[in-house]
Structures are given as C-alpha cells and as structure tokens.
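To be precise, the following lines are input.txt, and they hold compact mmCIF, C-alpha atoms.
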```
# COMPACT_ATOMS: atom_id res chain seq x y z
CA MET L 20 0.00 0.00 0.00
CA SER L 21 1.62 3.24 -1.09
CA PRO L 22 2.23 5.93 1.54
CA SER L 23 0.30 9.19 1.38
CA LYS L 24 1.89 12.40 0.13
CA SER L 25 0.48 14.45 2.96
CA SER L 26 3.35 16.02 4.92
CA ALA L 27 5.88 15.37 7.62
CA ILE L 28 3.07 14.37 10.02
CA ASP L 29 3.95 11.18 11.88
CA PRO L 30 0.71 9.16 11.88
CA TYR L 31 1.94 6.85 14.64
CA LYS L 32 2.65 9.81 16.89
CA LEU L 33 -0.69 11.43 16.12
CA LEU L 34 -2.54 8.20 16.91
CA ARG L 35 -0.37 7.57 19.98
CA ILE L 36 0.57 4.06 18.87
CA ILE L 37 3.92 2.30 18.56
CA PRO L 38 4.46 -0.45 15.93
CA ASN L 39 5.91 -3.70 17.21
CA ALA L 40 8.12 -6.15 15.31
CA ASP L 41 5.47 -8.89 15.45
CA GLY L 42 2.88 -6.78 13.60
CA THR L 43 0.97 -5.68 16.68
CA ILE L 44 0.88 -2.14 18.07
CA THR L 45 1.28 -0.67 21.52
CA ARG L 46 -1.48 1.84 22.30
CA LEU L 47 -0.30 4.59 24.60
CA PRO L 48 -2.73 5.57 27.37
CA GLU L 49 -4.54 8.81 26.77
CA ILE L 50 -8.29 8.38 26.87
CA THR L 51 -9.78 7.68 30.28
CA SER L 52 -12.14 4.73 30.50
CA PHE L 53 -14.82 4.21 33.09
CA SER L 54 -16.74 1.34 34.61
CA PRO L 55 -20.45 1.12 33.86
CA THR L 56 -21.80 3.19 36.74
CA PRO L 57 -24.60 5.75 36.52
CA SER L 58 -23.33 9.26 35.85
CA ASP L 59 -23.76 11.93 38.50
CA THR L 60 -24.84 14.39 35.82
CA LEU L 61 -26.80 12.26 33.34
CA PRO L 62 -30.05 10.40 34.15
CA ILE L 63 -28.77 7.16 32.67
CA LEU L 64 -28.45 3.54 33.77
CA THR L 65 -25.61 1.41 32.41
CA LYS L 66 -24.29 -2.12 32.75
CA ASP L 67 -21.96 -4.54 30.98
CA ILE L 68 -22.95 -7.95 29.64
CA THR L 69 -20.70 -10.66 28.20
CA ILE L 70 -21.43 -11.65 24.59
CA ASN L 71 -18.82 -14.35 24.07
CA GLN L 72 -16.54 -15.17 26.97
CA LEU L 73 -14.18 -17.22 24.81
CA ASN L 74 -13.71 -14.33 22.36
CA ASN L 75 -13.67 -11.71 25.12
CA THR L 76 -16.49 -9.72 23.52
CA TRP L 77 -19.06 -7.81 25.50
CA ALA L 78 -21.51 -4.92 25.31
CA ARG L 79 -22.27 -1.88 27.44
CA LEU L 80 -25.98 -1.15 27.75
CA TYR L 81 -27.51 2.30 28.29
CA MET L 82 -31.08 2.97 29.34
CA PRO L 83 -32.71 6.29 30.34
CA GLN L 84 -33.31 6.28 34.08
CA GLN L 85 -36.87 7.51 33.61
CA THR L 86 -37.74 4.18 32.00
CA LEU L 87 -37.55 2.45 35.38
CA ASN L 88 -39.32 5.30 37.15
CA SER L 89 -42.23 5.53 34.73
CA SER L 90 -45.57 4.03 35.74
CA HIS L 91 -46.32 3.43 32.04
CA ARG L 92 -43.58 1.15 30.77
CA THR L 93 -43.61 1.76 27.05
CA LYS L 94 -40.93 -0.32 25.39
CA LEU L 95 -38.07 1.64 23.80
CA PRO L 96 -36.46 1.31 20.38
CA LEU L 97 -33.13 -0.52 20.34
CA ILE L 98 -29.95 0.97 18.89
CA VAL L 99 -26.99 -1.36 18.37
CA TRP L 100 -23.97 0.96 18.37
CA PHE L 101 -20.40 0.52 17.10
CA HIS L 102 -17.72 3.01 18.12
CA GLY L 103 -15.22 4.63 15.78
CA GLY L 104 -11.43 4.70 15.87
CA GLY L 105 -10.32 3.51 12.44
CA PHE L 106 -10.71 -0.13 13.53
CA VAL L 107 -7.54 0.22 15.62
CA LEU L 108 -8.39 2.49 18.55
CA PHE L 109 -10.82 2.97 21.43
CA SER L 110 -13.38 0.82 23.16
CA ALA L 111 -16.95 0.68 24.33
CA ALA L 112 -15.45 1.82 27.66
CA THR L 113 -13.68 4.90 26.25
CA SER L 114 -14.94 7.97 28.08
CA PHE L 115 -16.17 9.99 25.08
CA SER L 116 -17.87 6.92 23.62
CA GLN L 117 -19.68 6.44 26.93
CA TYR L 118 -20.92 10.01 27.06
CA TYR L 119 -22.07 9.94 23.46
CA CYS L 120 -23.99 6.69 23.93
CA ALA L 121 -25.54 8.04 27.13
CA ASN L 122 -26.64 11.19 25.32
CA ILE L 123 -28.05 9.18 22.44
CA ALA L 124 -30.07 7.04 24.87
CA ILE L 125 -31.45 10.11 26.65
CA GLU L 126 -32.04 12.38 23.65
CA LEU L 127 -33.65 9.67 21.48
CA ASN L 128 -35.30 7.82 24.39
CA VAL L 129 -33.84 4.48 23.35
CA ILE L 130 -31.83 1.59 24.72
CA VAL L 131 -28.28 1.60 23.35
CA VAL L 132 -26.17 -1.53 23.07
CA SER L 133 -22.55 -0.46 22.58
CA VAL L 134 -20.63 -3.44 21.19
CA GLU L 135 -17.02 -4.14 22.09
CA TYR L 136 -15.36 -5.61 18.99
CA HIS L 137 -11.83 -6.81 18.19
CA LEU L 138 -9.31 -4.21 17.05
CA ALA L 139 -6.75 -4.34 14.26
CA PRO L 140 -3.94 -5.02 13.51
CA GLU L 141 -4.00 -7.81 16.08
CA HIS L 142 -7.38 -8.82 14.68
CA ARG L 143 -7.76 -7.61 11.12
CA LEU L 144 -10.99 -7.27 9.22
CA PRO L 145 -13.35 -9.04 8.84
CA LEU L 146 -13.25 -10.04 12.54
CA ALA L 147 -14.96 -6.81 13.64
CA TYR L 148 -17.79 -7.64 11.22
CA ASP L 149 -18.00 -11.15 12.67
CA ASP L 150 -18.30 -9.62 16.15
CA ALA L 151 -21.09 -7.31 14.98
CA VAL L 152 -23.20 -10.11 13.53
CA GLU L 153 -22.57 -12.28 16.58
CA ALA L 154 -23.73 -9.43 18.82
CA LEU L 155 -27.03 -9.22 16.95
CA GLN L 156 -27.54 -12.96 17.22
CA TRP L 157 -26.76 -12.72 20.92
CA ILE L 158 -29.25 -9.92 21.54
CA LYS L 159 -32.15 -11.91 20.09
CA THR L 160 -31.58 -14.78 22.56
CA SER L 161 -30.32 -12.83 25.57
CA PRO L 162 -32.39 -13.38 28.72
CA ASP L 163 -31.35 -10.00 30.14
CA ASP L 164 -34.29 -8.20 31.73
CA TRP L 165 -33.47 -4.86 30.06
CA PHE L 166 -34.07 -6.48 26.69
CA ARG L 167 -37.07 -8.56 27.71
CA GLU L 168 -38.88 -5.88 29.70
CA PHE L 169 -37.89 -2.58 28.10
CA ALA L 170 -36.68 -3.11 24.50
CA ASP L 171 -39.00 -2.94 21.50
CA TYR L 172 -37.48 -5.63 19.29
CA GLY L 173 -39.66 -4.44 16.43
CA LYS L 174 -37.75 -1.16 16.26
CA CYS L 175 -34.05 -1.96 16.01
CA PHE L 176 -31.50 0.29 14.31
CA LEU L 177 -27.84 -0.38 13.55
CA MET L 178 -25.76 2.71 14.21
CA GLY L 179 -22.11 3.67 14.28
CA SER L 180 -19.63 6.48 13.93
CA SER L 181 -16.77 6.49 11.38
CA ALA L 182 -15.30 2.95 11.41
CA GLY L 183 -18.29 1.96 13.54
CA ALA L 184 -20.61 3.13 10.74
CA ASN L 185 -18.59 0.99 8.33
CA ILE L 186 -19.12 -1.97 10.69
CA ALA L 187 -22.87 -1.31 10.96
CA TYR L 188 -23.13 -1.20 7.17
CA ARG L 189 -21.05 -4.34 6.62
CA ALA L 190 -23.04 -6.22 9.28
CA ALA L 191 -26.25 -5.25 7.46
CA LEU L 192 -24.78 -6.49 4.17
CA ARG L 193 -23.95 -9.84 5.76
CA LEU L 194 -27.44 -10.20 7.15
CA ALA L 195 -28.90 -9.38 3.74
CA GLU L 196 -26.54 -11.79 1.96
CA LYS L 197 -27.27 -14.71 4.28
CA GLY L 198 -30.90 -13.86 4.95
CA ASP L 199 -30.25 -14.39 8.66
CA ASP L 200 -33.38 -14.65 10.76
CA LEU L 201 -33.12 -12.31 13.73
CA GLU L 202 -36.69 -12.83 14.94
CA PRO L 203 -38.02 -11.34 17.13
CA ILE L 204 -35.63 -8.50 16.24
CA LYS L 205 -36.70 -6.44 13.25
CA ILE L 206 -34.09 -4.08 11.87
CA LYS L 207 -35.85 -0.93 10.71
CA GLY L 208 -32.81 0.89 9.39
CA LEU L 209 -29.22 2.06 9.63
CA ILE L 210 -27.90 5.33 11.02
CA LEU L 211 -24.40 5.91 9.66
CA HIS L 212 -22.57 8.86 11.17
CA GLN L 213 -19.61 10.01 9.04
CA PRO L 214 -18.90 6.50 7.71
CA PHE L 215 -15.25 5.57 7.23
CA PHE L 216 -14.62 4.53 3.62
CA GLY L 217 -11.73 4.86 1.21
CA GLY L 218 -10.27 3.92 -2.13
CA ILE L 219 -7.02 3.98 -4.07
CA LYS L 220 -7.82 7.08 -6.10
CA ARG L 221 -7.59 10.24 -4.02
CA THR L 222 -10.68 12.41 -3.78
CA GLU L 223 -10.76 16.20 -3.91
CA SER L 224 -11.70 16.49 -0.23
CA GLU L 225 -8.89 14.13 0.84
CA LEU L 226 -6.33 16.21 -1.06
CA ARG L 227 -7.79 19.55 0.01
CA LEU L 228 -7.75 18.49 3.66
CA VAL L 229 -4.54 16.48 3.41
CA ASN L 230 -3.27 17.85 6.72
CA ASP L 231 -6.60 17.87 8.54
CA ARG L 232 -6.05 18.09 12.30
CA VAL L 233 -8.32 15.12 13.02
CA LEU L 234 -7.89 12.79 10.06
CA PRO L 235 -4.92 13.76 7.86
CA LEU L 236 -4.40 11.58 4.83
CA CYS L 237 -1.38 9.82 6.30
CA VAL L 238 -3.46 8.71 9.30
CA ASN L 239 -6.27 7.59 7.01
CA ASP L 240 -3.78 5.49 5.04
CA LEU L 241 -2.19 3.98 8.13
CA MET L 242 -5.53 2.94 9.63
CA TRP L 243 -6.50 1.09 6.47
CA GLU L 244 -3.03 -0.47 6.24
CA LEU L 245 -3.45 -1.84 9.76
CA ALA L 246 -7.06 -2.93 9.37
CA LEU L 247 -7.38 -4.54 5.92
CA PRO L 248 -6.45 -8.17 5.30
CA ILE L 249 -2.76 -8.61 4.55
CA GLY L 250 -2.08 -7.79 0.91
CA ALA L 251 -5.38 -5.97 0.30
CA ASP L 252 -5.42 -2.45 -1.11
CA ARG L 253 -7.87 0.39 -0.51
CA ASP L 254 -10.15 -0.77 -3.31
CA HIS L 255 -10.97 -3.85 -1.27
CA GLU L 256 -14.72 -4.05 -0.64
CA TYR L 257 -14.23 -3.51 3.13
CA CYS L 258 -12.77 -0.09 2.34
CA ASN L 259 -14.39 0.86 -0.95
CA PRO L 260 -18.14 0.07 -0.88
CA THR L 261 -18.46 0.63 -4.63
CA ALA L 262 -16.36 -2.52 -5.15
CA GLU L 263 -19.22 -4.79 -4.07
CA GLU L 264 -22.67 -4.76 -5.62
CA SER L 265 -24.44 -8.10 -5.22
CA SER L 266 -25.13 -7.84 -1.48
CA ILE L 267 -26.20 -4.20 -1.80
CA ALA L 268 -28.95 -5.19 -4.20
CA LYS L 269 -30.17 -7.81 -1.73
CA MET L 270 -30.66 -5.15 0.94
CA ARG L 271 -33.61 -3.70 -0.98
CA LYS L 272 -35.96 -6.55 -0.14
CA PHE L 273 -35.59 -5.88 3.58
CA GLY L 274 -36.96 -2.36 3.23
CA TRP L 275 -34.33 -0.89 5.52
CA GLN L 276 -34.12 2.88 5.62
CA ILE L 277 -30.59 4.34 5.71
CA PHE L 278 -29.63 7.66 7.27
CA VAL L 279 -26.14 8.97 6.41
CA ASP L 280 -24.80 12.22 7.83
CA TRP L 281 -21.58 13.92 6.79
CA GLY L 282 -19.70 17.14 7.47
CA ASP L 283 -18.34 19.61 4.93
CA LYS L 284 -15.06 19.86 6.90
CA ASP L 285 -14.47 16.12 6.84
CA PRO L 286 -11.73 14.79 4.50
CA LEU L 287 -14.02 11.82 3.87
CA MET L 288 -16.98 13.89 2.68
CA ASP L 289 -16.45 12.98 -0.99
CA ARG L 290 -16.37 9.29 -0.06
CA GLN L 291 -19.59 9.67 1.89
CA ILE L 292 -21.34 11.55 -0.91
CA GLU L 293 -20.22 8.87 -3.38
CA PHE L 294 -21.55 6.19 -1.01
CA ILE L 295 -24.94 7.91 -0.69
CA LYS L 296 -25.30 8.25 -4.46
CA MET L 297 -24.37 4.60 -4.98
CA LEU L 298 -27.01 3.40 -2.51
CA LYS L 299 -29.66 5.51 -4.21
CA GLU L 300 -28.65 4.17 -7.62
CA LYS L 301 -29.13 0.65 -6.23
CA GLY L 302 -32.68 1.53 -5.27
CA LEU L 303 -32.25 1.83 -1.51
CA GLU L 304 -34.13 4.45 0.49
CA VAL L 305 -31.47 6.84 1.76
CA VAL L 306 -31.69 10.05 3.75
CA SER L 307 -28.55 12.19 3.78
CA TYR L 308 -27.90 15.04 6.16
CA LEU L 309 -25.17 17.67 6.00
CA VAL L 310 -23.64 18.96 9.22
CA LYS L 311 -22.43 22.40 8.17
CA GLY L 312 -18.95 23.08 9.48
CA GLY L 313 -18.76 19.49 10.73
CA CYS L 314 -15.30 17.96 10.99
CA HIS L 315 -14.63 14.25 11.35
CA GLY L 316 -15.55 13.27 14.90
CA VAL L 317 -17.71 16.37 15.31
CA GLU L 318 -19.69 14.76 18.15
CA PHE L 319 -16.59 14.87 20.32
CA LEU L 320 -14.88 18.04 19.10
CA ASP L 321 -17.95 20.26 18.70
CA PRO L 322 -20.90 18.60 20.48
CA SER L 323 -23.09 21.67 19.96
CA LYS L 324 -23.42 20.71 16.29
CA CYS L 325 -25.02 17.43 17.34
CA GLU L 326 -28.20 18.97 18.72
CA ASP L 327 -29.77 19.13 15.26
CA LEU L 328 -28.44 15.65 14.54
CA TYR L 329 -30.28 14.23 17.56
CA VAL L 330 -33.50 15.85 16.36
CA ASN L 331 -33.04 14.39 12.89
CA TYR L 332 -32.10 10.95 14.20
CA LYS L 333 -35.24 10.90 16.33
CA GLY L 334 -37.43 12.05 13.45
CA PHE L 335 -35.88 9.52 11.10
CA MET L 336 -36.53 6.68 13.53
CA SER L 337 -40.14 7.78 13.93
CA SER L 338 -40.98 8.48 10.29
CA PRO L 339 -38.12 8.09 7.80
CA SER L 340 -40.36 8.63 4.80
CA ASN L 341 -40.95 12.25 5.84
CA PHE L 342 -37.28 13.18 5.52
CA HIS L 343 -35.59 14.74 2.53
CA SER L 344 -31.94 14.39 1.66
CA HIS L 345 -29.44 17.21 1.38
CA LEU L 346 -28.15 15.57 -1.83
```
Would you mind writing the structure in this file as structure tokens?
Amino acid sequence: MSPSKSSAIDPYKLLRIIPNADGTITRLPEITSFSPTPSDTLPILTKDITINQLNNTWARLYMPQQTLNSSHRTKLPLIVWFHGGGFVLFSAATSFSQYYCANIAIELNVIVVSVEYHLAPEHRLPLAYDDAVEALQWIKTSPDDWFREFADYGKCFLMGSSAGANIAYRAALRLAEKGDDLEPIKIKGLILHQPFFGGIKRTESELRLVNDRVLPLCVNDLMWELALPIGADRDHEYCNPTAEESSIAKMRKFGWQIFVDWGDKDPLMDRQIEFIKMLKEKGLEVVSYLVKGGCHGVEFLDPSKCEDLYVNYKGFMSSPSNFHSHL
C-alpha cells in the first residue's frame, strides 16, 4: 500500500501508537475509560454484559433512568452501536464513547447496546464484522431483563460512527446476503454517522484536507493499512463500498431505511457523498444530512453541532419517509 503524500506528520505519533516487530501495536494511554456506573450528571443507567466469553467480547448497555421510574412502561427502540477509531483504537469503555452513547439514549429515548469488537492489527478485518453479527444474534436470545422488559425488538437500528458506521453497514450487508433470521428482532434501518470509507484514487476532499487536524491523509492510510487483510489495497470491498454490488442489491428486499450524515469539513466527505449516491442508484431508500462546518468526529470536538443531529435521528426513527436528503 503506497504511503500518502500528505506532509511530515507522523501518523503513529498522532494516533499515539507504537508499531511492534510482530505486527501488533502498543497503544499509549490517553483516553480515560470508566466502569459502567450511573453518571452523576446524566439520568442514565448502564451495565456490561458478556457476549462471548471465549472471544472476550461484550456490550455496554444504556437505558434512560426515567424508563424504570415511569408508571407506564412503554418499550423503547433498540440501537446497536459501534464506536469509531479507524478499527484500531478505542473501546466501548472509552470515556467519550460512553458520554455519546448516554446522550443518544437520553435524547432519542432508546436503549443503546454499545458493542465491544476486536481491534486491528491484532485482529484484522473481517473479525470486527463477525463480532457485529454475533452481537445481533446474541441480543435476540439474551435473557437479560433490560431487553425482555424494556426493548422494542420491532424497532431496532444499527448505528455507528466512522469505522463503527462501516461496521454497521457491513453487518447489514452480511445479514442481507445470508438472509439471517433475527426474529423477534426487526431491523428498521441504519444510522451511519460520518462513515469511514476509502479507495485507491484520491478524492478532492482528501487532497484539500490532506493535513486535517483530526484525520490527515497519512493517518487515514495507516488505519487502512493496519485494518485490511494482509495484501489488500484500498479498493478492497471492506474499504471501498463501490467494489461490491451483489449484497447491496439484496438489501432492498428488507426495506431498511438508511440515514447517512456527513460534514463539509471532513476529508471523507467525498467518499460519503459517493456512497450515498451509490445506494440511491441501487434503489435503496437513503436520507442524507449535511452537518455544516462538521469535521470528522464532530460529536466529540464540537458537540453543539449534534443537537440538530439528535432531532433528525429521532425524526428519522419515527418516520423516515418524511425526511428529505441534502443531496
């Protein structure tokens, strides 16, 4: 995989990782992680549940505290969430991921299942996709009382940010390809926040924002180099969604609605626009939303811009057919 022509930026230093001789990386501590305890400032309940003890996968659940306190226990929609980090960083326990999931649960009045998946390069793709599908299979059979008593299985959405949005999309493709039966879970749609895609040919936005402070091109390249199967290039279907068509066509029969949001300060905006147009050309129902002035990772760097996003997410989940795309 050819290196980017960005600048003298050291992508390893920016990501706070050190490459090891055996192909693994050492992740330097920087982001504080917390145990699943209720926040002093947010009316949220959280807990961790093991998905597969042998694979060391688990999920962190979030439920608005008012759900327990309400005398009328209306079941809540279920969001299965996958965190970002270029497939190589962060966790369901990372502090900013926790706060975002808690806010999503409160603002949208939903139950959020934040899935802990395997990271590259120790576990290259497609293992994260395997973890995602396994998590969905686990949810449908889990005896946990939060699912059984409070979750509306008929209103399930797959959601993720950046690499997590890529995972949500690829998991949906797998389900469509195999025709997996998730009963009683019914997936109503996908909510893809700034999905992480790529390709060999550079786009205008990647070159224009080559030294972006969040996702410079050299970091983009390194993440894909660490995440893709050995020997694969950036036109591999895991990276470039236009490289695979058969499974996309099969998604139509499920009637899933797809919400894709993107920012005009994101180096990946051209990729995301291309992705949206491709889905529409394949006959899928897609809603696109532009976050003006939104950089990659806007929910963490400028949370104020997410207020409108929450409103649009909630409206989309309630009545996707009433929404109009920005493209």
Find the spatial neighbours of stretch 90-102 of chain L, counting all atoms listed in the file, within a cut-off of 6 Å - ignore same-chain residues fewer than 4 positions away - and output them as number ranges by chain.
-> L: 129-134, 169-171, 174-180, 183
Local residues around (-11.6, 9.1, 16.0), at most 8 Å away, using all atoms listed in the file, as JSON, numbers by chain = {"L": [103, 104, 105, 108, 181, 233, 234, 315, 316]}
Please provide the set of residues having any atom within 10 Å of L:Ile28, restricted to only C-alpha atoms, with same-chain residues fewer than 6 positions apart removed, written as a PyMOL selection string.
-> chain L and resi 230+235-238
Take the residues from that selection and write them out as a PDB file, in the frame of the given file, keeping C-alpha atoms.
```pdb
ATOM      1  CA  ASN L 230      -3.270  17.850   6.720  1.00  0.00           C
ATOM      2  CA  PRO L 235      -4.920  13.760   7.860  1.00  0.00           C
ATOM      3  CA  LEU L 236      -4.400  11.580   4.830  1.00  0.00           C
ATOM      4  CA  CYS L 237      -1.380   9.820   6.300  1.00  0.00           C
ATOM      5  CA  VAL L 238      -3.460   8.710   9.300  1.00  0.00           C
TER       6      VAL L 238
END
```
Among listed residues L:Leu194, L:Leu33, L:Gly217, L:Cys325, nearest L:Asp240 (using only C-alpha atoms) = L:Gly217
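Here atom CA of L:Ala190 is placed at a distance of 5.8 Å from atom CA of L:Val152.
Distances to L:His255 were evaluated for L:Ile68, L:Ala151, L:Val317, L:Leu144 using only C-alpha atoms, and the minimum falls at L:Leu144.
In this model, the gap between atom CA of L:Lys296 and atom CA of L:Pro322 comes to 27.4 Å.
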